[in-house]
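Engineer: Sharing query.cif (mmCIF, C-alpha atoms and all ligand atoms) below.
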```cif
data_model
#
loop_
_atom_site.group_PDB
_atom_site.id
_atom_site.type_symbol
_atom_site.label_atom_id
_atom_site.label_comp_id
_atom_site.auth_asym_id
_atom_site.auth_seq_id
_atom_site.Cartn_x
_atom_site.Cartn_y
_atom_site.Cartn_z
ATOM 1 C CA MET A 1 -11.484 -35.455 -75.305
ATOM 2 C CA ILE A 2 -10.156 -33.801 -72.154
ATOM 3 C CA LYS A 3 -6.719 -32.299 -71.641
ATOM 4 C CA ALA A 4 -4.622 -35.303 -70.553
ATOM 5 C CA LYS A 5 -2.768 -34.973 -67.257
ATOM 6 C CA LYS A 6 0.862 -35.930 -67.623
ATOM 7 C CA ARG A 7 1.436 -36.354 -63.880
ATOM 8 C CA TRP A 8 -1.054 -39.220 -63.832
ATOM 9 C CA GLY A 9 0.369 -40.956 -66.888
ATOM 10 C CA GLN A 10 -2.705 -40.224 -68.987
ATOM 11 C CA ASN A 11 -2.142 -41.653 -72.458
ATOM 12 C CA PHE A 12 -5.457 -42.894 -73.750
ATOM 13 C CA ILE A 13 -6.228 -45.548 -76.360
ATOM 14 C CA SER A 14 -9.372 -45.270 -78.430
ATOM 15 C CA ASP A 15 -8.615 -47.742 -81.262
ATOM 16 C CA ARG A 16 -11.444 -50.295 -80.895
ATOM 17 C CA ASN A 17 -9.519 -53.088 -82.621
ATOM 18 C CA ILE A 18 -6.558 -52.910 -80.276
ATOM 19 C CA LEU A 19 -8.807 -52.597 -77.202
ATOM 20 C CA GLN A 20 -10.823 -55.634 -78.289
ATOM 21 C CA LYS A 21 -7.585 -57.540 -78.917
ATOM 22 C CA ILE A 22 -6.353 -56.757 -75.372
ATOM 23 C CA VAL A 23 -9.618 -58.055 -73.923
ATOM 24 C CA ASP A 24 -9.548 -61.169 -76.141
ATOM 25 C CA LEU A 25 -5.976 -61.932 -75.063
ATOM 26 C CA SER A 26 -7.056 -61.526 -71.429
ATOM 27 C CA GLN A 27 -9.336 -64.591 -71.798
ATOM 28 C CA ILE A 28 -11.803 -63.328 -69.235
ATOM 29 C CA ASP A 29 -14.554 -65.872 -69.775
ATOM 30 C CA HIS A 30 -17.021 -64.339 -67.304
ATOM 31 C CA GLN A 31 -14.466 -63.984 -64.488
ATOM 32 C CA ASN A 32 -14.049 -61.034 -62.104
ATOM 33 C CA VAL A 33 -11.880 -58.164 -63.315
ATOM 34 C CA LEU A 34 -10.030 -55.285 -61.672
ATOM 35 C CA GLU A 35 -9.008 -52.360 -63.888
ATOM 36 C CA ILE A 36 -6.584 -49.692 -62.674
ATOM 37 C CA GLY A 37 -6.983 -46.393 -64.487
ATOM 38 C CA PRO A 38 -10.073 -46.699 -66.723
ATOM 39 C CA GLY A 39 -9.405 -43.211 -68.119
ATOM 40 C CA MET A 40 -12.088 -42.338 -70.659
ATOM 41 C CA GLY A 41 -13.426 -45.886 -70.497
ATOM 42 C CA GLY A 42 -12.311 -47.368 -73.828
ATOM 43 C CA LEU A 43 -11.140 -50.647 -72.319
ATOM 44 C CA THR A 44 -13.686 -50.477 -69.476
ATOM 45 C CA ARG A 45 -16.701 -50.668 -71.791
ATOM 46 C CA ILE A 46 -15.462 -53.919 -73.367
ATOM 47 C CA LEU A 47 -14.348 -55.388 -70.029
ATOM 48 C CA ALA A 48 -17.774 -54.685 -68.506
ATOM 49 C CA LYS A 49 -19.412 -56.810 -71.217
ATOM 50 C CA GLU A 50 -17.069 -59.765 -70.656
ATOM 51 C CA ALA A 51 -16.573 -59.718 -66.884
ATOM 52 C CA LYS A 52 -18.689 -61.247 -64.151
ATOM 53 C CA LYS A 53 -18.023 -58.192 -61.967
ATOM 54 C CA LEU A 54 -15.720 -55.259 -62.756
ATOM 55 C CA LEU A 55 -14.086 -52.926 -60.242
ATOM 56 C CA CYS A 56 -12.113 -49.896 -61.440
ATOM 57 C CA TYR A 57 -9.832 -47.488 -59.583
ATOM 58 C CA GLU A 58 -9.437 -44.054 -61.186
ATOM 59 C CA ILE A 59 -7.486 -41.246 -59.509
ATOM 60 C CA ASP A 60 -8.900 -38.427 -61.672
ATOM 61 C CA GLU A 61 -12.375 -37.191 -60.668
ATOM 62 C CA ASP A 62 -12.638 -35.184 -63.895
ATOM 63 C CA LEU A 63 -13.190 -38.489 -65.690
ATOM 64 C CA HIS A 64 -16.675 -38.895 -64.130
ATOM 65 C CA GLU A 65 -17.832 -37.226 -67.307
ATOM 66 C CA PHE A 66 -16.891 -40.323 -69.337
ATOM 67 C CA LEU A 67 -17.258 -43.061 -66.751
ATOM 68 C CA ASP A 68 -20.657 -42.287 -65.146
ATOM 69 C CA GLU A 69 -22.468 -43.494 -68.226
ATOM 70 C CA ILE A 70 -20.611 -46.843 -68.134
ATOM 71 C CA GLU A 71 -21.402 -47.354 -64.459
ATOM 72 C CA GLU A 72 -25.095 -46.638 -65.159
ATOM 73 C CA LYS A 73 -25.289 -48.955 -68.162
ATOM 74 C CA PHE A 74 -23.438 -51.929 -66.660
ATOM 75 C CA THR A 75 -24.777 -52.982 -63.269
ATOM 76 C CA ASN A 76 -21.800 -55.329 -62.759
ATOM 77 C CA THR A 77 -19.407 -52.342 -62.766
ATOM 78 C CA LYS A 78 -18.228 -50.079 -59.945
ATOM 79 C CA ILE A 79 -15.748 -47.222 -60.232
ATOM 80 C CA ILE A 80 -13.849 -45.958 -57.209
ATOM 81 C CA TYR A 81 -12.293 -42.502 -57.591
ATOM 82 C CA GLN A 82 -9.136 -42.998 -55.536
ATOM 83 C CA ASP A 83 -5.412 -43.520 -55.838
ATOM 84 C CA PHE A 84 -5.112 -47.305 -56.128
ATOM 85 C CA LEU A 85 -1.918 -47.293 -54.077
ATOM 86 C CA ALA A 86 -2.988 -44.946 -51.295
ATOM 87 C CA ASN A 87 -5.677 -47.087 -49.756
ATOM 88 C CA ASP A 88 -6.265 -50.542 -48.517
ATOM 89 C CA SER A 89 -7.330 -51.851 -51.906
ATOM 90 C CA ASN A 90 -6.693 -55.481 -50.823
ATOM 91 C CA SER A 91 -9.644 -55.550 -48.434
ATOM 92 C CA VAL A 92 -11.882 -53.554 -50.814
ATOM 93 C CA ILE A 93 -11.137 -56.078 -53.575
ATOM 94 C CA LYS A 94 -11.807 -59.052 -51.280
ATOM 95 C CA GLU A 95 -15.113 -57.602 -50.173
ATOM 96 C CA TYR A 96 -16.362 -56.450 -53.595
ATOM 97 C CA PHE A 97 -15.587 -59.798 -55.221
ATOM 98 C CA SER A 98 -16.702 -61.869 -52.177
ATOM 99 C CA GLN A 99 -13.201 -63.428 -51.903
ATOM 100 C CA GLU A 100 -13.442 -64.893 -55.424
ATOM 101 C CA PRO A 101 -10.441 -64.922 -57.804
ATOM 102 C CA VAL A 102 -9.876 -61.770 -59.848
ATOM 103 C CA ILE A 103 -7.951 -60.881 -63.030
ATOM 104 C CA LEU A 104 -6.161 -57.534 -63.233
ATOM 105 C CA VAL A 105 -6.432 -55.934 -66.687
ATOM 106 C CA SER A 106 -4.893 -52.517 -67.133
ATOM 107 C CA ASN A 107 -3.192 -50.074 -69.420
ATOM 108 C CA LEU A 108 -1.023 -48.978 -66.515
ATOM 109 C CA PRO A 109 0.132 -45.439 -65.841
ATOM 110 C CA TYR A 110 3.898 -45.900 -66.268
ATOM 111 C CA TYR A 111 4.882 -44.084 -63.089
ATOM 112 C CA ILE A 112 3.311 -46.717 -60.811
ATOM 113 C CA THR A 113 4.087 -49.887 -62.791
ATOM 114 C CA THR A 114 6.416 -51.505 -60.242
ATOM 115 C CA GLN A 115 4.247 -50.651 -57.230
ATOM 116 C CA VAL A 116 1.150 -52.068 -58.943
ATOM 117 C CA ILE A 117 3.003 -55.271 -59.805
ATOM 118 C CA MET A 118 4.186 -55.604 -56.192
ATOM 119 C CA SER A 119 0.622 -55.053 -55.012
ATOM 120 C CA PHE A 120 -0.575 -57.715 -57.503
ATOM 121 C CA LEU A 121 2.035 -60.172 -56.206
ATOM 122 C CA THR A 122 0.999 -59.712 -52.588
ATOM 123 C CA ASN A 123 -2.778 -59.754 -53.103
ATOM 124 C CA SER A 124 -4.029 -63.327 -52.829
ATOM 125 C CA SER A 125 -7.303 -62.562 -54.691
ATOM 126 C CA LEU A 126 -5.431 -61.541 -57.838
ATOM 127 C CA GLN A 127 -4.403 -64.591 -59.845
ATOM 128 C CA ARG A 128 -3.537 -63.228 -63.281
ATOM 129 C CA ALA A 129 -2.544 -59.842 -64.623
ATOM 130 C CA ILE A 130 -2.724 -58.652 -68.219
ATOM 131 C CA ILE A 131 -0.971 -55.324 -68.166
ATOM 132 C CA MET A 132 0.328 -52.833 -70.651
ATOM 133 C CA VAL A 133 3.702 -51.501 -69.584
ATOM 134 C CA GLN A 134 6.534 -49.458 -71.028
ATOM 135 C CA LYS A 135 8.415 -51.716 -73.479
ATOM 136 C CA GLU A 136 11.751 -51.461 -71.639
ATOM 137 C CA VAL A 137 10.164 -52.445 -68.303
ATOM 138 C CA GLY A 138 8.217 -55.288 -69.908
ATOM 139 C CA GLU A 139 11.406 -56.638 -71.460
ATOM 140 C CA ARG A 140 13.104 -56.653 -68.062
ATOM 141 C CA ILE A 141 10.147 -58.562 -66.610
ATOM 142 C CA ILE A 142 10.124 -61.329 -69.242
ATOM 143 C CA SER A 143 13.875 -61.508 -69.878
ATOM 144 C CA LEU A 144 15.874 -64.745 -69.510
ATOM 145 C CA PRO A 145 19.465 -65.200 -68.185
ATOM 146 C CA ASN A 146 22.420 -63.846 -70.163
ATOM 147 C CA ASN A 147 20.405 -60.932 -71.550
ATOM 148 C CA LYS A 148 21.230 -57.412 -70.501
ATOM 149 C CA GLU A 149 17.633 -56.817 -69.371
ATOM 150 C CA TYR A 150 17.725 -59.809 -66.988
ATOM 151 C CA GLY A 151 18.038 -58.837 -63.324
ATOM 152 C CA GLN A 152 16.267 -58.386 -60.011
ATOM 153 C CA LEU A 153 12.907 -57.442 -61.515
ATOM 154 C CA SER A 154 12.903 -60.512 -63.810
ATOM 155 C CA VAL A 155 13.812 -62.855 -60.950
ATOM 156 C CA ASN A 156 11.407 -61.359 -58.394
ATOM 157 C CA ILE A 157 8.459 -61.656 -60.773
ATOM 158 C CA GLN A 158 9.419 -64.946 -62.430
ATOM 159 C CA GLY A 159 9.955 -66.352 -58.929
ATOM 160 C CA SER A 160 6.174 -66.298 -58.438
ATOM 161 C CA CYS A 161 4.634 -65.947 -61.911
ATOM 162 C CA TRP A 162 4.690 -67.498 -65.347
ATOM 163 C CA VAL A 163 5.323 -64.522 -67.616
ATOM 164 C CA LYS A 164 4.452 -64.076 -71.289
ATOM 165 C CA LYS A 165 4.643 -61.317 -73.861
ATOM 166 C CA LEU A 166 1.302 -60.946 -75.659
ATOM 167 C CA LEU A 167 1.544 -57.913 -77.943
ATOM 168 C CA ASN A 168 3.670 -54.968 -79.067
ATOM 169 C CA ILE A 169 1.849 -51.642 -78.909
ATOM 170 C CA LYS A 170 3.361 -48.737 -80.779
ATOM 171 C CA ARG A 171 3.336 -45.287 -79.144
ATOM 172 C CA GLY A 172 1.324 -43.807 -82.049
ATOM 173 C CA LEU A 173 -1.784 -45.664 -80.850
ATOM 174 C CA PHE A 174 -1.958 -43.500 -77.712
ATOM 175 C CA ASN A 175 -3.332 -40.013 -77.346
ATOM 176 C CA PRO A 176 -1.323 -37.989 -76.429
ATOM 177 C CA VAL A 177 1.609 -39.916 -77.961
ATOM 178 C CA PRO A 178 4.104 -40.909 -75.206
ATOM 179 C CA ASN A 179 7.906 -40.992 -75.623
ATOM 180 C CA VAL A 180 8.062 -44.799 -75.466
ATOM 181 C CA ASP A 181 6.457 -47.900 -76.974
ATOM 182 C CA SER A 182 4.522 -50.387 -74.845
ATOM 183 C CA ILE A 183 4.054 -54.113 -74.592
ATOM 184 C CA LEU A 184 1.185 -56.160 -73.254
ATOM 185 C CA ILE A 185 2.337 -58.927 -70.910
ATOM 186 C CA SER A 186 0.596 -61.541 -68.830
ATOM 187 C CA LEU A 187 1.627 -62.691 -65.362
ATOM 188 C CA GLU A 188 0.107 -65.856 -63.953
ATOM 189 C CA LYS A 189 0.878 -66.686 -60.350
ATOM 190 C CA TYR A 190 2.217 -70.098 -59.365
ATOM 191 C CA ALA A 191 3.697 -69.246 -55.935
ATOM 192 C CA PRO A 192 3.268 -66.509 -53.343
ATOM 193 C CA LEU A 193 5.888 -63.773 -53.201
ATOM 194 C CA ASP A 194 8.505 -64.323 -50.492
ATOM 195 C CA PRO A 195 9.809 -60.930 -49.272
ATOM 196 C CA GLU A 196 13.016 -62.566 -48.030
ATOM 197 C CA PHE A 197 13.645 -63.908 -51.560
ATOM 198 C CA VAL A 198 13.163 -60.353 -52.907
ATOM 199 C CA ASN A 199 15.741 -59.095 -50.434
ATOM 200 C CA PHE A 200 18.142 -61.922 -51.312
ATOM 201 C CA ASN A 201 17.862 -61.000 -55.006
ATOM 202 C CA ARG A 202 18.574 -57.360 -54.231
ATOM 203 C CA LEU A 203 21.803 -58.424 -52.555
ATOM 204 C CA ILE A 204 23.044 -60.919 -55.160
ATOM 205 C CA PHE A 205 22.360 -58.426 -57.961
ATOM 206 C CA ALA A 206 23.704 -55.439 -56.000
ATOM 207 C CA ASN A 207 27.044 -55.133 -57.788
ATOM 208 C CA LYS A 208 26.549 -56.112 -61.402
ATOM 209 C CA ARG A 209 30.253 -55.885 -62.141
ATOM 210 C CA LYS A 210 31.123 -58.352 -59.370
ATOM 211 C CA THR A 211 30.892 -62.131 -59.594
ATOM 212 C CA LEU A 212 28.167 -63.882 -57.620
ATOM 213 C CA TYR A 213 30.879 -65.181 -55.288
ATOM 214 C CA ASN A 214 31.993 -61.631 -54.494
ATOM 215 C CA ASN A 215 28.406 -60.465 -53.983
ATOM 216 C CA LEU A 216 27.911 -63.329 -51.518
ATOM 217 C CA LEU A 217 30.942 -62.154 -49.591
ATOM 218 C CA ALA A 218 30.301 -58.413 -49.725
ATOM 219 C CA ASN A 219 26.524 -58.217 -49.406
ATOM 220 C CA LEU A 220 25.448 -61.433 -47.708
ATOM 221 C CA HIS A 221 28.555 -61.453 -45.523
ATOM 222 C CA LEU A 222 29.447 -65.111 -46.125
ATOM 223 C CA SER A 223 32.954 -66.349 -45.387
ATOM 224 C CA SER A 224 34.978 -67.416 -48.425
ATOM 225 C CA ASN A 225 34.601 -71.054 -47.320
ATOM 226 C CA GLN A 226 30.822 -70.775 -47.025
ATOM 227 C CA ALA A 227 30.489 -69.047 -50.414
ATOM 228 C CA SER A 228 32.759 -71.568 -52.212
ATOM 229 C CA GLN A 229 30.943 -74.520 -50.631
ATOM 230 C CA LEU A 230 27.526 -73.105 -51.518
ATOM 231 C CA LEU A 231 28.484 -72.632 -55.169
ATOM 232 C CA MET A 232 30.203 -76.017 -55.363
ATOM 233 C CA ASP A 233 27.190 -77.863 -53.877
ATOM 234 C CA LEU A 234 24.967 -76.363 -56.569
ATOM 235 C CA LYS A 235 27.573 -76.881 -59.338
ATOM 236 C CA ILE A 236 27.719 -73.144 -60.013
ATOM 237 C CA ASN A 237 30.989 -71.957 -61.546
ATOM 238 C CA SER A 238 32.822 -69.696 -59.091
ATOM 239 C CA ASN A 239 33.242 -67.020 -61.798
ATOM 240 C CA SER A 240 29.509 -66.859 -62.569
ATOM 241 C CA ARG A 241 27.575 -63.635 -62.342
ATOM 242 C CA SER A 242 24.037 -63.553 -60.964
ATOM 243 C CA GLU A 243 22.606 -62.585 -64.351
ATOM 244 C CA GLN A 244 23.809 -65.918 -65.778
ATOM 245 C CA LEU A 245 21.701 -68.011 -63.396
ATOM 246 C CA ASN A 246 18.211 -69.151 -64.258
ATOM 247 C CA ILE A 247 15.331 -68.802 -61.838
ATOM 248 C CA ASP A 248 15.482 -72.421 -60.598
ATOM 249 C CA THR A 249 19.185 -72.134 -59.766
ATOM 250 C CA ILE A 250 18.629 -68.832 -57.936
ATOM 251 C CA LYS A 251 15.841 -70.460 -55.913
ATOM 252 C CA GLU A 252 18.102 -73.391 -55.046
ATOM 253 C CA LEU A 253 20.842 -70.977 -54.038
ATOM 254 C CA TYR A 254 18.387 -69.036 -51.865
ATOM 255 C CA ASN A 255 17.129 -72.222 -50.170
ATOM 256 C CA SER A 256 20.679 -73.420 -49.451
ATOM 257 C CA TRP A 257 21.677 -69.961 -48.179
ATOM 258 C CA LYS A 258 18.705 -69.985 -45.767
ATOM 259 C CA LYS A 259 19.929 -73.254 -44.281
ATOM 260 C CA LEU A 260 23.372 -71.864 -43.429
ATOM 261 C CA PRO A 261 23.995 -71.381 -39.702
ATOM 262 C CA ASN A 262 23.954 -67.706 -38.637
HETATM 263 N N1 LIG A 301 -7.422 -47.281 -69.563
HETATM 264 C C1 LIG A 301 -7.332 -46.053 -70.289
HETATM 265 C C2 LIG A 301 -6.955 -46.306 -71.725
HETATM 266 O O1 LIG A 301 -6.447 -47.401 -72.017
HETATM 267 O O2 LIG A 301 -7.157 -45.435 -72.572
HETATM 268 C C3 LIG A 301 -6.382 -45.060 -69.642
HETATM 269 C C4 LIG A 301 -4.964 -45.528 -69.425
HETATM 270 S S1 LIG A 301 -3.863 -44.257 -68.878
HETATM 271 C C5 LIG A 301 -2.334 -44.948 -69.430
HETATM 272 C C6 LIG A 301 -3.716 -44.468 -67.130
HETATM 273 C C7 LIG A 301 -4.935 -44.104 -66.293
HETATM 274 O O3 LIG A 301 -4.617 -44.357 -64.922
HETATM 275 C C8 LIG A 301 -5.366 -42.637 -66.361
HETATM 276 O O4 LIG A 301 -6.752 -42.573 -66.509
HETATM 277 C C9 LIG A 301 -4.960 -42.070 -64.987
HETATM 278 O O5 LIG A 301 -5.758 -40.980 -64.552
HETATM 279 C C10 LIG A 301 -5.100 -43.294 -64.100
HETATM 280 N N2 LIG A 301 -4.252 -43.282 -62.902
HETATM 281 C C11 LIG A 301 -3.037 -42.712 -62.742
HETATM 282 N N3 LIG A 301 -2.547 -42.929 -61.523
HETATM 283 C C12 LIG A 301 -3.478 -43.655 -60.842
HETATM 284 C C13 LIG A 301 -3.565 -44.183 -59.517
HETATM 285 N N4 LIG A 301 -2.555 -44.010 -58.650
HETATM 286 N N5 LIG A 301 -4.678 -44.854 -59.152
HETATM 287 C C14 LIG A 301 -5.697 -45.025 -60.044
HETATM 288 N N6 LIG A 301 -5.677 -44.543 -61.313
HETATM 289 C C15 LIG A 301 -4.577 -43.887 -61.721
#
```
Let me see the file written as structure tokens.
Structural biologist:
Amino acid sequence: MIKAKKRWGQNFISDRNILQKIVDLSQIDHQNVLEIGPGMGGLTRILAKEAKKLLCYEIDEDLHEFLDEIEEKFTNTKIIYQDFLANDSNSVIKEYFSQEPVILVSNLPYYITTQVIMSFLTNSSLQRAIIMVQKEVGERIISLPNNKEYGQLSVNIQGSCWVKKLLNIKRGLFNPVPNVDSILISLEKYAPLDPEFVNFNRLIFANKRKTLYNNLLANLHLSSNQASQLLMDLKINSNSRSEQLNIDTIKELYNSWKKLPN
């Protein structure tokens, strides 16, 4: 065991049962896998056995000590010692996997969760993600309307992925023990991410205390006539708040908004 580095979100799991369960739930079936943050290689060893090819990004060079042996034993496995976010990982992934589809499986370092998910959403090689995230963040991702966790993050992700909660993971299973529990979730893409939709969501969720109508006026700069007409056409109550609308209604609203004259 090495001294874990807090700045890189190092909380390792060594429980074989839970690691095997994560891999089983990932349903890899001899497909290509990307792992971000292999750490001491607990998950990596099992993934290497199940995957067609496995590519790992690890920021911490001190972990060579644990990972070299895995890379030697499994010829389908390559470990790149780099910050996953700092480089052009999209083209590396395309080249390593010869443009084939890839599944992301990772016990994510908490501090880069949102950036990794955004990178997943914009990388056309990555089709599914099975990721362990802080429980509170995971709940925001999978939440449905009228829940306090439901908001921009839920809508952005559910706008392009089917989302599912797979497993609760208590903090005591990690070493060192973090301050929060985790959940394992799966994201399966059904549509590419539209950056304009992401921006639209930011604006309709900007003032949580305001009604949707008022957000349309204040942040999307619609006239009161335009906003009332838009809501009426979609049969949305004029007192509704954005967090009451389901993903299909928000998409309809976005599509109608795009058709408005400038
Ligand atoms: N997969 C291991 C496990 O389950 O025990 C370790 C998971 S630990 C939560 C996160 C890992 O991500 C650490 O090994 C850390 O060094 C690595 N990491 C942190 N930031 C990273 C980054 N930007 N790029 C690649 N790896 C990173």
Engineer: Report as a short mmCIF file (atom, residue, chain, number, x, y, z; two decimals) with C-alpha atoms, in the frame of the given file all protein, DNA and RNA residues lying within 9 Å of region 112-118 of chain A, evaluated on only C-alpha atoms, omitting residues in the same chain fewer than 6 positions from it.
Structural biologist:
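Saved to part05.cif:
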```
data_model
loop_
_atom_site.label_atom_id
_atom_site.label_comp_id
_atom_site.auth_asym_id
_atom_site.auth_seq_id
_atom_site.Cartn_x
_atom_site.Cartn_y
_atom_site.Cartn_z
CA GLY A 9 0.37 -40.96 -66.89
CA ILE A 36 -6.58 -49.69 -62.67
CA PHE A 84 -5.11 -47.30 -56.13
CA LEU A 85 -1.92 -47.29 -54.08
CA ALA A 129 -2.54 -59.84 -64.62
CA VAL A 133 3.70 -51.50 -69.58
CA GLN A 134 6.53 -49.46 -71.03
CA VAL A 137 10.16 -52.44 -68.30
CA LEU A 153 12.91 -57.44 -61.52
CA ILE A 157 8.46 -61.66 -60.77
CA LEU A 193 5.89 -63.77 -53.20
#
```
Engineer: Please identify every polymer residue within 10 Å of ligand LIG 301 (chain A), using all atoms listed in the file, and present the set as a PyMOL selection string.
Structural biologist: chain A and resi 4-15+18-19+22+35-44+56-63+80-87+105-113+115-116+132-133+173-176+178
Engineer: Please dump the current selection as an mmCIF file, in the coordinates of the input; keep C-alpha atoms.
Structural biologist:
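The resulting selection.cif:
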```cif
data_model
loop_
_atom_site.group_PDB
_atom_site.id
_atom_site.type_symbol
_atom_site.label_atom_id
_atom_site.label_comp_id
_atom_site.auth_asym_id
_atom_site.auth_seq_id
_atom_site.Cartn_x
_atom_site.Cartn_y
_atom_site.Cartn_z
ATOM 1 C CA ALA A 4 -4.622 -35.303 -70.553
ATOM 2 C CA LYS A 5 -2.768 -34.973 -67.257
ATOM 3 C CA LYS A 6 0.862 -35.930 -67.623
ATOM 4 C CA ARG A 7 1.436 -36.354 -63.880
ATOM 5 C CA TRP A 8 -1.054 -39.220 -63.832
ATOM 6 C CA GLY A 9 0.369 -40.956 -66.888
ATOM 7 C CA GLN A 10 -2.705 -40.224 -68.987
ATOM 8 C CA ASN A 11 -2.142 -41.653 -72.458
ATOM 9 C CA PHE A 12 -5.457 -42.894 -73.750
ATOM 10 C CA ILE A 13 -6.228 -45.548 -76.360
ATOM 11 C CA SER A 14 -9.372 -45.270 -78.430
ATOM 12 C CA ASP A 15 -8.615 -47.742 -81.262
ATOM 13 C CA ILE A 18 -6.558 -52.910 -80.276
ATOM 14 C CA LEU A 19 -8.807 -52.597 -77.202
ATOM 15 C CA ILE A 22 -6.353 -56.757 -75.372
ATOM 16 C CA GLU A 35 -9.008 -52.360 -63.888
ATOM 17 C CA ILE A 36 -6.584 -49.692 -62.674
ATOM 18 C CA GLY A 37 -6.983 -46.393 -64.487
ATOM 19 C CA PRO A 38 -10.073 -46.699 -66.723
ATOM 20 C CA GLY A 39 -9.405 -43.211 -68.119
ATOM 21 C CA MET A 40 -12.088 -42.338 -70.659
ATOM 22 C CA GLY A 41 -13.426 -45.886 -70.497
ATOM 23 C CA GLY A 42 -12.311 -47.368 -73.828
ATOM 24 C CA LEU A 43 -11.140 -50.647 -72.319
ATOM 25 C CA THR A 44 -13.686 -50.477 -69.476
ATOM 26 C CA CYS A 56 -12.113 -49.896 -61.440
ATOM 27 C CA TYR A 57 -9.832 -47.488 -59.583
ATOM 28 C CA GLU A 58 -9.437 -44.054 -61.186
ATOM 29 C CA ILE A 59 -7.486 -41.246 -59.509
ATOM 30 C CA ASP A 60 -8.900 -38.427 -61.672
ATOM 31 C CA GLU A 61 -12.375 -37.191 -60.668
ATOM 32 C CA ASP A 62 -12.638 -35.184 -63.895
ATOM 33 C CA LEU A 63 -13.190 -38.489 -65.690
ATOM 34 C CA ILE A 80 -13.849 -45.958 -57.209
ATOM 35 C CA TYR A 81 -12.293 -42.502 -57.591
ATOM 36 C CA GLN A 82 -9.136 -42.998 -55.536
ATOM 37 C CA ASP A 83 -5.412 -43.520 -55.838
ATOM 38 C CA PHE A 84 -5.112 -47.305 -56.128
ATOM 39 C CA LEU A 85 -1.918 -47.293 -54.077
ATOM 40 C CA ALA A 86 -2.988 -44.946 -51.295
ATOM 41 C CA ASN A 87 -5.677 -47.087 -49.756
ATOM 42 C CA VAL A 105 -6.432 -55.934 -66.687
ATOM 43 C CA SER A 106 -4.893 -52.517 -67.133
ATOM 44 C CA ASN A 107 -3.192 -50.074 -69.420
ATOM 45 C CA LEU A 108 -1.023 -48.978 -66.515
ATOM 46 C CA PRO A 109 0.132 -45.439 -65.841
ATOM 47 C CA TYR A 110 3.898 -45.900 -66.268
ATOM 48 C CA TYR A 111 4.882 -44.084 -63.089
ATOM 49 C CA ILE A 112 3.311 -46.717 -60.811
ATOM 50 C CA THR A 113 4.087 -49.887 -62.791
ATOM 51 C CA GLN A 115 4.247 -50.651 -57.230
ATOM 52 C CA VAL A 116 1.150 -52.068 -58.943
ATOM 53 C CA MET A 132 0.328 -52.833 -70.651
ATOM 54 C CA VAL A 133 3.702 -51.501 -69.584
ATOM 55 C CA LEU A 173 -1.784 -45.664 -80.850
ATOM 56 C CA PHE A 174 -1.958 -43.500 -77.712
ATOM 57 C CA ASN A 175 -3.332 -40.013 -77.346
ATOM 58 C CA PRO A 176 -1.323 -37.989 -76.429
ATOM 59 C CA PRO A 178 4.104 -40.909 -75.206
#
```
Engineer: Please indicate the distance in Å from CA of Ser186 (chain A) to CA of Val163 (chain A), rounded to one decimal place.
Structural biologist: 5.7 Å
Engineer: For the structure provided, state which residues fall under the PyMOL selection byres (((chain A and resi 257) around 12) and not hetatm), and present them as a compact mmCIF listing (two decimals) with C-alpha atoms, keeping the file's coordinate frame.
Structural biologist:
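Just written: part.txt:
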```
# COMPACT_ATOMS: atom_id res chain seq x y z
CA GLU A 196 13.02 -62.57 -48.03
CA PHE A 197 13.64 -63.91 -51.56
CA PHE A 200 18.14 -61.92 -51.31
CA ASN A 201 17.86 -61.00 -55.01
CA ILE A 204 23.04 -60.92 -55.16
CA LEU A 216 27.91 -63.33 -51.52
CA LEU A 220 25.45 -61.43 -47.71
CA HIS A 221 28.56 -61.45 -45.52
CA LEU A 222 29.45 -65.11 -46.12
CA GLN A 226 30.82 -70.78 -47.02
CA ALA A 227 30.49 -69.05 -50.41
CA SER A 228 32.76 -71.57 -52.21
CA GLN A 229 30.94 -74.52 -50.63
CA LEU A 230 27.53 -73.10 -51.52
CA LEU A 231 28.48 -72.63 -55.17
CA ASP A 233 27.19 -77.86 -53.88
CA LEU A 234 24.97 -76.36 -56.57
CA ILE A 250 18.63 -68.83 -57.94
CA LYS A 251 15.84 -70.46 -55.91
CA GLU A 252 18.10 -73.39 -55.05
CA LEU A 253 20.84 -70.98 -54.04
CA TYR A 254 18.39 -69.04 -51.86
CA ASN A 255 17.13 -72.22 -50.17
CA SER A 256 20.68 -73.42 -49.45
CA LYS A 258 18.70 -69.98 -45.77
CA LYS A 259 19.93 -73.25 -44.28
CA LEU A 260 23.37 -71.86 -43.43
CA PRO A 261 24.00 -71.38 -39.70
CA ASN A 262 23.95 -67.71 -38.64
```
Engineer: Compile the contact shell of Glu149 (chain A) as number ranges by chain: residues with an atom at most 7 Å away, counting only C-alpha atoms, same-chain residues fewer than 4 positions apart removed.
Structural biologist: A: 139-140, 143
Engineer: Check the smallest atom-to-atom distance from each of A:Leu167, A:Ile185, A:Arg209, A:Leu121 to Ile141 (chain A) using all atoms listed in the file, then report the winner.
Structural biologist: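 Under the stated criterion, the closest residue is A:Ile185.
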Engineer: What separation in Å, quoted to one decimal, exists between CA of Tyr150 (chain A) and CA of Asn239 (chain A)?
Structural biologist: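 Distance between the two atoms: 17.9 Å.
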Engineer: For Gln244 (chain A), which residue out of A:Gln99, A:Asn90, A:Gln20, A:Thr211 is the nearest one, using all atoms listed in the file?
Structural biologist: A:Thr211
Engineer: Quick one: pull the distance between CA of Lys148 (chain A) and CA of Asp194 (chain A), Å, one decimal.
Structural biologist: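 That distance, rounded to one decimal, is 24.7 Å.
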Engineer: Given only C-alpha atoms as the basis, pick out the residue of A:Val177, A:Leu25, A:Lys235, A:Ser242 nearest to Lys165 (chain A).
Structural biologist: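 Closest to Lys165 (chain A), using only C-alpha atoms: A:Leu25.
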Engineer: Taking into account all atoms listed in the file, which residue in the set A:Asn147, A:Thr122, A:Thr77, A:Asn215 is nearest to Ala191 (chain A)?
Structural biologist: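 When distances to Ala191 (chain A) are compared using all atoms listed in the file, the smallest one comes from A:Thr122.
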